[in-house]
$ cat input-v1.cif   # mmCIF, C-alpha atoms
data_start
loop_
_atom_site.group_PDB
_atom_site.id
_atom_site.type_symbol
_atom_site.label_atom_id
_atom_site.label_comp_id
_atom_site.auth_asym_id
_atom_site.auth_seq_id
_atom_site.Cartn_x
_atom_site.Cartn_y
_atom_site.Cartn_z
ATOM 1 C CA MET A 198 -73.149 10.726 -7.001
ATOM 2 C CA SER A 199 -75.667 10.517 -4.222
ATOM 3 C CA SER A 200 -76.635 13.710 -2.467
ATOM 4 C CA ASP A 201 -78.701 12.302 0.356
ATOM 5 C CA LYS A 202 -76.639 13.717 3.227
ATOM 6 C CA LYS A 203 -75.365 17.241 3.865
ATOM 7 C CA SER A 204 -71.992 15.860 4.896
ATOM 8 C CA ALA A 205 -71.188 14.377 1.509
ATOM 9 C CA GLN A 206 -67.612 13.182 1.432
ATOM 10 C CA LEU A 207 -65.395 15.940 0.095
ATOM 11 C CA LYS A 208 -62.368 15.145 -2.040
ATOM 12 C CA SER A 209 -60.617 17.668 0.189
ATOM 13 C CA ASP A 210 -61.135 15.424 3.243
ATOM 14 C CA ALA A 211 -58.468 13.067 1.841
ATOM 15 C CA LEU A 212 -56.226 16.051 1.113
ATOM 16 C CA MET A 213 -56.577 17.287 4.709
ATOM 17 C CA ASP A 214 -55.734 13.795 6.012
ATOM 18 C CA GLN A 215 -52.585 13.833 3.856
ATOM 19 C CA MET A 216 -51.813 17.324 5.131
ATOM 20 C CA LYS A 217 -51.982 16.088 8.765
ATOM 21 C CA LEU A 218 -49.388 13.426 7.972
ATOM 22 C CA HIS A 219 -47.305 15.840 5.905
ATOM 23 C CA LEU A 220 -46.968 18.251 8.845
ATOM 24 C CA THR A 221 -45.394 15.502 10.981
ATOM 25 C CA THR A 222 -42.570 14.995 8.440
ATOM 26 C CA ASP A 223 -39.334 16.992 8.301
ATOM 27 C CA ALA A 224 -40.648 18.861 5.247
ATOM 28 C CA GLY A 225 -43.834 19.664 7.145
ATOM 29 C CA LYS A 226 -41.908 20.872 10.194
ATOM 30 C CA ALA A 227 -39.763 23.121 7.986
ATOM 31 C CA LEU A 228 -42.974 24.522 6.490
ATOM 32 C CA THR A 229 -44.360 25.272 9.959
ATOM 33 C CA LYS A 230 -41.145 27.137 10.858
ATOM 34 C CA LYS A 231 -41.113 29.041 7.578
ATOM 35 C CA ILE A 232 -44.785 30.118 7.434
ATOM 36 C CA GLY A 233 -45.962 30.257 11.055
ATOM 37 C CA LEU A 234 -49.541 31.261 10.199
ATOM 38 C CA VAL A 235 -53.016 29.892 10.832
ATOM 39 C CA TYR A 236 -55.413 29.366 7.924
ATOM 40 C CA GLN A 237 -59.062 28.471 8.043
ATOM 41 C CA LEU A 238 -60.362 26.747 4.922
ATOM 42 C CA ASN A 239 -64.093 26.796 4.248
ATOM 43 C CA ILE A 240 -64.791 24.144 1.644
ATOM 44 C CA ALA A 241 -68.140 23.965 -0.127
ATOM 45 C CA PRO A 242 -69.187 20.788 -1.980
ATOM 46 C CA LYS A 243 -70.571 22.701 -4.997
ATOM 47 C CA LYS A 244 -71.371 26.367 -4.393
ATOM 48 C CA LEU A 245 -69.456 28.884 -2.275
ATOM 49 C CA GLY A 246 -71.144 29.581 1.037
ATOM 50 C CA PHE A 247 -73.404 26.501 1.062
ATOM 51 C CA ASN A 248 -72.916 23.421 3.275
ATOM 52 C CA GLU A 249 -69.322 24.382 3.933
ATOM 53 C CA GLU A 250 -66.958 22.192 5.907
ATOM 54 C CA SER A 251 -64.233 24.071 7.757
ATOM 55 C CA TYR A 252 -60.671 23.018 8.433
ATOM 56 C CA VAL A 253 -57.959 24.819 10.342
ATOM 57 C CA VAL A 254 -54.471 24.427 8.910
ATOM 58 C CA ASP A 255 -52.326 25.628 11.807
ATOM 59 C CA LEU A 256 -48.829 26.263 10.509
ATOM 60 C CA LYS A 257 -47.772 27.584 13.923
ATOM 61 C CA LYS A 258 -48.435 24.325 15.766
ATOM 62 C CA GLY A 259 -48.164 22.093 12.703
ATOM 63 C CA GLU A 260 -51.627 20.568 12.821
ATOM 64 C CA VAL A 261 -54.823 20.250 10.832
ATOM 65 C CA LYS A 262 -58.221 20.119 12.540
ATOM 66 C CA LYS A 263 -61.737 19.849 11.232
ATOM 67 C CA GLY A 264 -63.942 22.699 12.388
ATOM 68 C CA ARG A 265 -63.579 26.439 12.785
ATOM 69 C CA TYR A 266 -60.622 28.178 14.421
ATOM 70 C CA GLU A 267 -61.498 28.880 18.038
ATOM 71 C CA GLU A 268 -58.385 30.619 19.391
ATOM 72 C CA GLY A 269 -59.080 34.140 18.155
ATOM 73 C CA LYS A 270 -58.922 34.891 14.450
ATOM 74 C CA PRO A 271 -57.013 32.912 11.861
ATOM 75 C CA ASP A 272 -54.389 34.897 9.909
ATOM 76 C CA ALA A 273 -56.412 34.298 6.747
ATOM 77 C CA THR A 274 -59.646 32.508 5.888
ATOM 78 C CA PHE A 275 -60.230 31.032 2.452
ATOM 79 C CA SER A 276 -63.508 29.893 0.932
ATOM 80 C CA PHE A 277 -63.641 27.728 -2.157
ATOM 81 C CA THR A 278 -65.411 24.751 -3.652
ATOM 82 C CA ASP A 279 -64.056 21.274 -3.102
ATOM 83 C CA ASP A 280 -62.952 20.967 -6.753
ATOM 84 C CA ASP A 281 -61.186 24.335 -6.761
ATOM 85 C CA LEU A 282 -59.251 23.524 -3.579
ATOM 86 C CA ILE A 283 -58.048 20.285 -5.163
ATOM 87 C CA LYS A 284 -56.968 22.219 -8.294
ATOM 88 C CA ILE A 285 -55.094 24.795 -6.194
ATOM 89 C CA ALA A 286 -53.448 22.173 -3.957
ATOM 90 C CA SER A 287 -52.310 20.126 -6.943
ATOM 91 C CA GLY A 288 -50.908 23.187 -8.700
ATOM 92 C CA LYS A 289 -53.446 23.029 -11.565
ATOM 93 C CA MET A 290 -54.906 26.405 -10.585
ATOM 94 C CA ASN A 291 -52.921 29.441 -9.477
ATOM 95 C CA PRO A 292 -54.324 30.823 -6.175
ATOM 96 C CA GLN A 293 -54.074 34.431 -7.447
ATOM 97 C CA ILE A 294 -56.028 33.558 -10.595
ATOM 98 C CA ALA A 295 -58.598 31.641 -8.523
ATOM 99 C CA PHE A 296 -59.032 34.757 -6.369
ATOM 100 C CA MET A 297 -59.354 37.108 -9.356
ATOM 101 C CA ARG A 298 -61.950 34.838 -10.972
ATOM 102 C CA GLY A 299 -63.949 34.709 -7.751
ATOM 103 C CA ALA A 300 -63.301 30.974 -7.351
ATOM 104 C CA MET A 301 -61.625 31.684 -4.016
ATOM 105 C CA LYS A 302 -62.631 34.242 -1.392
ATOM 106 C CA ILE A 303 -60.172 35.559 1.190
ATOM 107 C CA LYS A 304 -60.711 37.261 4.542
ATOM 108 C CA GLY A 305 -57.950 38.465 6.801
ATOM 109 C CA SER A 306 -54.336 39.379 6.130
ATOM 110 C CA ILE A 307 -53.411 39.647 2.454
ATOM 111 C CA SER A 308 -49.721 39.110 3.255
ATOM 112 C CA ALA A 309 -50.653 35.906 5.119
ATOM 113 C CA ALA A 310 -52.878 34.881 2.210
ATOM 114 C CA GLN A 311 -50.002 35.310 -0.253
ATOM 115 C CA LYS A 312 -48.076 32.587 1.583
ATOM 116 C CA PHE A 313 -50.930 30.167 0.897
ATOM 117 C CA THR A 314 -49.462 28.429 -2.140
ATOM 118 C CA PRO A 315 -49.572 24.895 -3.560
ATOM 119 C CA ASP A 316 -46.167 24.386 -1.874
ATOM 120 C CA ILE A 317 -47.798 24.015 1.543
ATOM 121 C CA PHE A 318 -49.693 20.925 0.407
ATOM 122 C CA PRO A 319 -48.195 17.451 0.204
ATOM 123 C CA LYS A 320 -47.656 16.335 -3.352
ATOM 124 C CA PRO A 321 -50.467 13.878 -4.069
ATOM 125 C CA ALA A 322 -49.440 10.499 -5.398
ATOM 126 C CA LYS A 323 -52.898 9.806 -6.786
ATOM 127 C CA MET A 324 -56.024 11.745 -5.964
#
$ encode --input "input-v1.cif" --output "structure tokens"
Amino acid sequence: MSSDKKSAQLKSDALMDQMKLHLTTDAGKALTKKIGLVYQLNIAPKKLGFNEESYVVDLKKGEVKKGRYEEGKPDATFSFTDDDLIKIASGKMNPQIAFMRGAMKIKGSISAAQKFTPDIFPKPAKM
């Protein structure tokens, strides 16, 4: 792995691209109706809080954008490493366990955070 640039490609970038497509499907639209919350994901390549990339997963409008949420405050903000997000999204790591172990940090509404489950992510064919 080369680490010459700050914006090293995150595995999560592919996941977020899949998520954008997923939200345009019927399943994605049902998800938007059901959850109706805005999440900001801060994804660090290796260590929490360093060189983070941010994504907004807007389950009100049904869209995913790179960058921070600019329309007020998101319902919940999550911080995790790239690898841990992939584990959570693929169902290999339980979000509650990730939080208790300190692998995931949460700011904002706890009830909104509890709706952040692997179910909101598209099922990856191959990652």
$ resolve_selection --input "input-v1.cif" --expression "the PyMOL selection byres ((chain A and resi 260) around 9)" --output "VMD selection string"
chain A and resid 216 to 218 220 to 221 253 to 259 261 to 262
$ residues_around --input "input-v1.cif" --residues "Lys208 of chain A" --least-positions-apart "4" --cutoff "9 Å" --atoms "all atoms listed in the file" --output "ChimeraX atom specification"
/A:212,242,279-280,283,324
$ residues_around --input "input-v1.cif" --residues "Leu238 of chain A" --least-positions-apart "6" --cutoff "12 Å" --atoms "only C-alpha atoms" --output "PyMOL selection string"
chain A and resi 209-210+213+245-246+249-255+261-266+271-279+281-282+301-304+310+313
$ atom_distance --input "input-v1.cif" --atom1 "atom CA of Ala286 of chain A" --atom2 "atom CA of Gly305 of chain A"
20.0 Å
$ closest_residue --input "input-v1.cif" --among "A:Ala227, A:His219, A:Gly269, A:Ile285" --to "Pro315 of chain A" --atoms "all atoms listed in the file"
A:Ile285
$ atom_distance --input "input-v1.cif" --atom1 "atom CA of Lys243 of chain A" --atom2 "atom CA of Ser306 of chain A"
25.8 Å
$ atom_distance --input "input-v1.cif" --atom1 "atom CA of Thr314 of chain A" --atom2 "atom CA of Pro292 of chain A"
6.8 Å
$ axis_aligned_box --input "input-v1.cif" --around "segment 281-296 of chain A" --padding-each-side "5 Å" --output "JSON"
{"center_x": -56.0, "center_y": 27.4, "center_z": -7.6, "size_x": 20.3, "size_y": 24.6, "size_z": 18.0}
$ closest_residue --input "input-v1.cif" --among "A:Asn248, A:Gln311, A:Lys231, A:Pro319" --to "Phe296 of chain A" --atoms "only C-alpha atoms"
A:Gln311
